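Enquirer: Got a structure here, written out as structure tokens. Questions coming.
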Amino acid sequence: MRLRSPGFSGPLGIATPFAQADPRQGRGMPMLTGSCLCGAVAYEVEAPPGPVIHCHCRTCRKAHGAAFSSVMPVPRDAFRWVRGAENLGEYESSPGKFRRFCRSCGSQVFAERVAKDQVLLRLGCLDTPVTERPVGHIWRSDAAPWYDPSDLLPEAPEGSFRPPVERS
Ligand SMILES: [Zn+2]
């Protein structure tokens, strides 16, 4: 006799794994998921990837401590926090624009203008391996002078690259 777990086979014998156990039943599966560095905060988005943009504005540079922030707008009504919403800090970097970050690890996860129907994912926290190519760089007028996107720099697969040190 074959053992079958309930919910693993549909009425026509077609395998429908987890159909009865999936708490998402009745909702679409998330197309994008993301989380902070420590994992306390996580989100999902039931929408396909939006355009990827690199933002070099001063506030993105400061907030992320980086040359630029890669962002992706997604529809607000497709976005939901999966866990850790109570662990989010917020910073209003310009009037009405809130940058939300994990209070435990500091990851910048999300930004929004409250009146807009889109929110901005901070793509370093995206866990879904999207392969869309970025569409471009914005706020180049604010950019860090030490980073030029047109520079072709040497690359290393891991953190072992040692640039030559100039000595005079
Ligand atoms: Zn965290």
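Going by the structure tokens order, chains are called A, B, ..., each with residues numbered from 1, while ligands are numbered from 1 in the order shown.
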All residues within 8 Å of ligand 1 are required, counting only C-alpha atoms and all ligand atoms; please report them as a compact mmCIF listing (two decimals) with C-alpha atoms, in the first residue's frame.

Expert:
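Output file out13.txt follows:
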# COMPACT_ATOMS: atom_id res chain seq x y z
CA SER A 35 14.91 40.82 3.85
CA CYS A 36 17.32 42.81 5.99
CA LEU A 37 20.82 41.75 6.95
CA CYS A 38 19.84 40.11 10.26
CA GLY A 39 16.60 38.64 8.91
CA ALA A 40 14.30 40.33 11.41
CA VAL A 41 12.51 42.22 8.65
CA PHE A 101 15.38 50.48 7.97
CA CYS A 102 15.79 47.54 10.34
CA ARG A 103 16.43 48.81 13.84
CA SER A 104 18.54 45.74 14.68
CA CYS A 105 20.99 45.65 11.77
CA GLY A 106 20.50 49.01 10.04
CA SER A 107 19.63 47.66 6.59

Enquirer: Give me the residues near Ser69 in chain A as a PyMOL selection string, where near means some atom within 12 Å (using only C-alpha atoms) and where sequence neighbours in that chain fewer than 2 positions away do not count.

Expert: chain A and resi 52-67+71-72+108-111+120-125+134+136-140+143-144

Enquirer: Please save N, CA and C atoms of the selected residues as a compact mmCIF listing (two decimals), in the first residue's frame.

Expert:
# COMPACT_ATOMS: atom_id res chain seq x y z
N VAL A 52 15.10 48.85 -12.65
CA VAL A 52 16.17 49.06 -11.67
C VAL A 52 16.89 50.36 -12.00
N ILE A 53 17.03 51.22 -11.00
CA ILE A 53 17.65 52.53 -11.20
C ILE A 53 18.73 52.71 -10.13
N HIS A 54 19.86 53.26 -10.53
CA HIS A 54 20.90 53.60 -9.56
C HIS A 54 20.75 55.08 -9.20
N CYS A 55 20.51 55.38 -7.94
CA CYS A 55 20.32 56.77 -7.52
C CYS A 55 21.55 57.27 -6.76
N HIS A 56 22.12 58.35 -7.27
CA HIS A 56 23.34 58.92 -6.69
C HIS A 56 23.06 60.16 -5.84
N CYS A 57 21.82 60.42 -5.50
CA CYS A 57 21.53 61.65 -4.75
C CYS A 57 22.24 61.62 -3.40
N ARG A 58 22.44 62.80 -2.85
CA ARG A 58 23.19 62.92 -1.62
C ARG A 58 22.53 62.12 -0.48
N THR A 59 21.20 62.17 -0.40
CA THR A 59 20.56 61.49 0.71
C THR A 59 20.66 59.97 0.57
N CYS A 60 20.60 59.45 -0.65
CA CYS A 60 20.83 58.01 -0.82
C CYS A 60 22.25 57.64 -0.45
N ARG A 61 23.21 58.46 -0.88
CA ARG A 61 24.60 58.15 -0.54
C ARG A 61 24.80 58.11 0.97
N LYS A 62 24.25 59.12 1.64
CA LYS A 62 24.42 59.17 3.10
C LYS A 62 23.67 58.03 3.78
N ALA A 63 22.43 57.79 3.37
CA ALA A 63 21.61 56.77 4.03
C ALA A 63 22.24 55.38 3.90
N HIS A 64 22.83 55.12 2.72
CA HIS A 64 23.37 53.79 2.46
C HIS A 64 24.87 53.71 2.72
N GLY A 65 25.50 54.86 2.92
CA GLY A 65 26.95 54.86 3.11
C GLY A 65 27.67 54.31 1.90
N ALA A 66 27.17 54.66 0.71
CA ALA A 66 27.67 54.03 -0.51
C ALA A 66 27.65 55.04 -1.65
N ALA A 67 28.27 54.68 -2.77
CA ALA A 67 28.32 55.59 -3.91
C ALA A 67 26.93 55.88 -4.47
N VAL A 71 17.58 51.05 -6.72
CA VAL A 71 16.19 51.04 -6.27
C VAL A 71 15.29 50.46 -7.36
N MET A 72 14.13 49.97 -6.93
CA MET A 72 13.13 49.43 -7.86
C MET A 72 11.74 49.83 -7.37
N GLN A 108 18.86 49.39 5.09
CA GLN A 108 17.85 50.23 4.44
C GLN A 108 17.06 49.31 3.52
N VAL A 109 15.80 49.11 3.82
CA VAL A 109 15.02 48.09 3.12
C VAL A 109 14.07 48.68 2.09
N PHE A 110 13.63 49.91 2.33
CA PHE A 110 12.41 50.39 1.67
C PHE A 110 12.35 51.90 1.82
N ALA A 111 11.81 52.57 0.83
CA ALA A 111 11.54 54.00 0.96
C ALA A 111 10.20 54.29 0.31
N LEU A 120 9.54 52.14 -3.06
CA LEU A 120 10.86 51.89 -3.62
C LEU A 120 11.58 50.81 -2.82
N LEU A 121 11.84 49.67 -3.46
CA LEU A 121 12.66 48.64 -2.83
C LEU A 121 14.11 49.08 -2.90
N ARG A 122 14.85 48.86 -1.81
CA ARG A 122 16.30 49.08 -1.81
C ARG A 122 16.92 47.74 -2.20
N LEU A 123 17.45 47.69 -3.41
CA LEU A 123 17.67 46.38 -4.02
C LEU A 123 18.74 45.52 -3.39
N GLY A 124 19.62 46.13 -2.60
CA GLY A 124 20.61 45.31 -1.90
C GLY A 124 19.95 44.32 -0.95
N CYS A 125 18.72 44.58 -0.56
CA CYS A 125 18.00 43.69 0.36
C CYS A 125 17.08 42.72 -0.37
N PRO A 134 19.85 47.26 -15.06
CA PRO A 134 19.43 48.60 -14.65
C PRO A 134 19.19 49.49 -15.87
N GLY A 136 19.38 52.87 -15.72
CA GLY A 136 20.25 54.04 -15.75
C GLY A 136 20.57 54.59 -14.38
N HIS A 137 21.30 55.71 -14.42
CA HIS A 137 21.74 56.40 -13.20
C HIS A 137 20.99 57.72 -13.09
N ILE A 138 20.48 58.02 -11.91
CA ILE A 138 19.84 59.33 -11.70
C ILE A 138 20.60 60.11 -10.64
N TRP A 139 20.37 61.40 -10.61
CA TRP A 139 21.03 62.32 -9.67
C TRP A 139 22.54 62.29 -9.81
N ARG A 140 23.02 62.22 -11.05
CA ARG A 140 24.46 62.26 -11.25
C ARG A 140 25.03 63.62 -10.83
N ALA A 143 26.54 63.25 -7.49
CA ALA A 143 27.30 62.01 -7.32
C ALA A 143 28.61 62.21 -6.57
N ALA A 144 29.06 61.13 -5.94
CA ALA A 144 30.37 61.11 -5.30
C ALA A 144 31.44 61.30 -6.37

Enquirer: Between CA of Gln118 in chain A and CA of Met31 in chain A, measure the distance and give it in Å to one decimal.

Expert: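 Calculated distance between CA of Gln118 in chain A and CA of Met31 in chain A is 16.0 Å.
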
Enquirer: Which of these, A:Glu46, A:Pro95, A:Pro51, A:Leu153, has the shortest distance to Ser70 in chain A once you count only C-alpha atoms?

Expert: A:Pro51

Enquirer: So that I can check the secondary structure, give me every residue of chain A assigned strand (DSSP E or B) by backbone DSSP, as a VMD selection string.

Expert: chain A and resid 9 15 32 to 35 42 to 45 53 to 55 69 to 75 79 to 83 88 to 94 97 to 102 108 to 113 118 to 122 126 136 to 138

Enquirer: I need the chosen residues saved as a PDB file, in the first residue's frame, with C-alpha atoms.

Expert:
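After the write, again01.pdb holds the following:
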ATOM      1  CA  SER A   9      -2.797  14.940  -4.621  1.00  0.00           C
ATOM      2  CA  ALA A  15      -0.050  16.571  -7.777  1.00  0.00           C
ATOM      3  CA  LEU A  32       9.732  39.269  -5.255  1.00  0.00           C
ATOM      4  CA  THR A  33      10.961  38.757  -1.709  1.00  0.00           C
ATOM      5  CA  GLY A  34      13.494  40.633   0.354  1.00  0.00           C
ATOM      6  CA  SER A  35      14.912  40.816   3.851  1.00  0.00           C
ATOM      7  CA  ALA A  42      11.165  40.636   5.468  1.00  0.00           C
ATOM      8  CA  TYR A  43       8.762  41.605   2.697  1.00  0.00           C
ATOM      9  CA  GLU A  44       7.113  40.181  -0.380  1.00  0.00           C
ATOM     10  CA  VAL A  45       5.751  41.737  -3.543  1.00  0.00           C
ATOM     11  CA  ILE A  53      17.652  52.530 -11.196  1.00  0.00           C
ATOM     12  CA  HIS A  54      20.901  53.603  -9.556  1.00  0.00           C
ATOM     13  CA  CYS A  55      20.317  56.767  -7.518  1.00  0.00           C
ATOM     14  CA  SER A  69      21.547  53.199  -4.017  1.00  0.00           C
ATOM     15  CA  SER A  70      19.940  50.754  -6.426  1.00  0.00           C
ATOM     16  CA  VAL A  71      16.190  51.041  -6.268  1.00  0.00           C
ATOM     17  CA  MET A  72      13.129  49.427  -7.858  1.00  0.00           C
ATOM     18  CA  PRO A  73       9.648  50.945  -7.780  1.00  0.00           C
ATOM     19  CA  VAL A  74       6.823  48.462  -7.243  1.00  0.00           C
ATOM     20  CA  PRO A  75       3.079  49.033  -6.766  1.00  0.00           C
ATOM     21  CA  PHE A  79       3.843  45.130  -1.340  1.00  0.00           C
ATOM     22  CA  ARG A  80       3.482  43.680   2.150  1.00  0.00           C
ATOM     23  CA  TRP A  81       5.697  43.160   5.156  1.00  0.00           C
ATOM     24  CA  VAL A  82       6.038  39.450   5.991  1.00  0.00           C
ATOM     25  CA  ARG A  83       7.744  39.955   9.335  1.00  0.00           C
ATOM     26  CA  LEU A  88      11.426  49.187  11.387  1.00  0.00           C
ATOM     27  CA  GLY A  89      12.885  52.579  12.080  1.00  0.00           C
ATOM     28  CA  GLU A  90      12.145  55.471   9.790  1.00  0.00           C
ATOM     29  CA  TYR A  91      13.869  58.642   8.730  1.00  0.00           C
ATOM     30  CA  GLU A  92      12.092  61.415   6.855  1.00  0.00           C
ATOM     31  CA  SER A  93      14.946  62.462   4.574  1.00  0.00           C
ATOM     32  CA  SER A  94      12.876  65.071   2.746  1.00  0.00           C
ATOM     33  CA  LYS A  97       9.756  60.806   2.017  1.00  0.00           C
ATOM     34  CA  PHE A  98      10.384  58.079   4.581  1.00  0.00           C
ATOM     35  CA  ARG A  99      13.363  55.759   4.502  1.00  0.00           C
ATOM     36  CA  ARG A 100      12.641  52.628   6.506  1.00  0.00           C
ATOM     37  CA  PHE A 101      15.375  50.482   7.970  1.00  0.00           C
ATOM     38  CA  CYS A 102      15.791  47.543  10.339  1.00  0.00           C
ATOM     39  CA  GLN A 108      17.850  50.228   4.437  1.00  0.00           C
ATOM     40  CA  VAL A 109      15.019  48.089   3.125  1.00  0.00           C
ATOM     41  CA  PHE A 110      12.406  50.386   1.672  1.00  0.00           C
ATOM     42  CA  ALA A 111      11.537  54.000   0.961  1.00  0.00           C
ATOM     43  CA  GLU A 112       8.244  55.647   0.225  1.00  0.00           C
ATOM     44  CA  ARG A 113       6.484  58.911  -0.344  1.00  0.00           C
ATOM     45  CA  GLN A 118       4.501  53.116  -5.707  1.00  0.00           C
ATOM     46  CA  VAL A 119       7.122  52.247  -3.110  1.00  0.00           C
ATOM     47  CA  LEU A 120      10.861  51.885  -3.624  1.00  0.00           C
ATOM     48  CA  LEU A 121      12.657  48.641  -2.827  1.00  0.00           C
ATOM     49  CA  ARG A 122      16.295  49.075  -1.810  1.00  0.00           C
ATOM     50  CA  LEU A 126      16.192  41.877  -2.456  1.00  0.00           C
ATOM     51  CA  GLY A 136      20.253  54.036 -15.754  1.00  0.00           C
ATOM     52  CA  HIS A 137      21.744  56.400 -13.203  1.00  0.00           C
ATOM     53  CA  ILE A 138      19.844  59.325 -11.704  1.00  0.00           C
TER      54      ILE A 138
END

Enquirer: Enumerate, as a PyMOL selection string, the complete set of residues in chain A that a backbone-based DSSP assignment places in alpha helix (DSSP H).

Expert: chain A and resi 58-64

Enquirer: Of the residues A:Gly50, A:Thr128, A:Lys116, A:Gly84, which is the one nearest to Pro30 in chain A, using only C-alpha atoms?

Expert: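 Under the stated criterion, the closest residue is A:Thr128.
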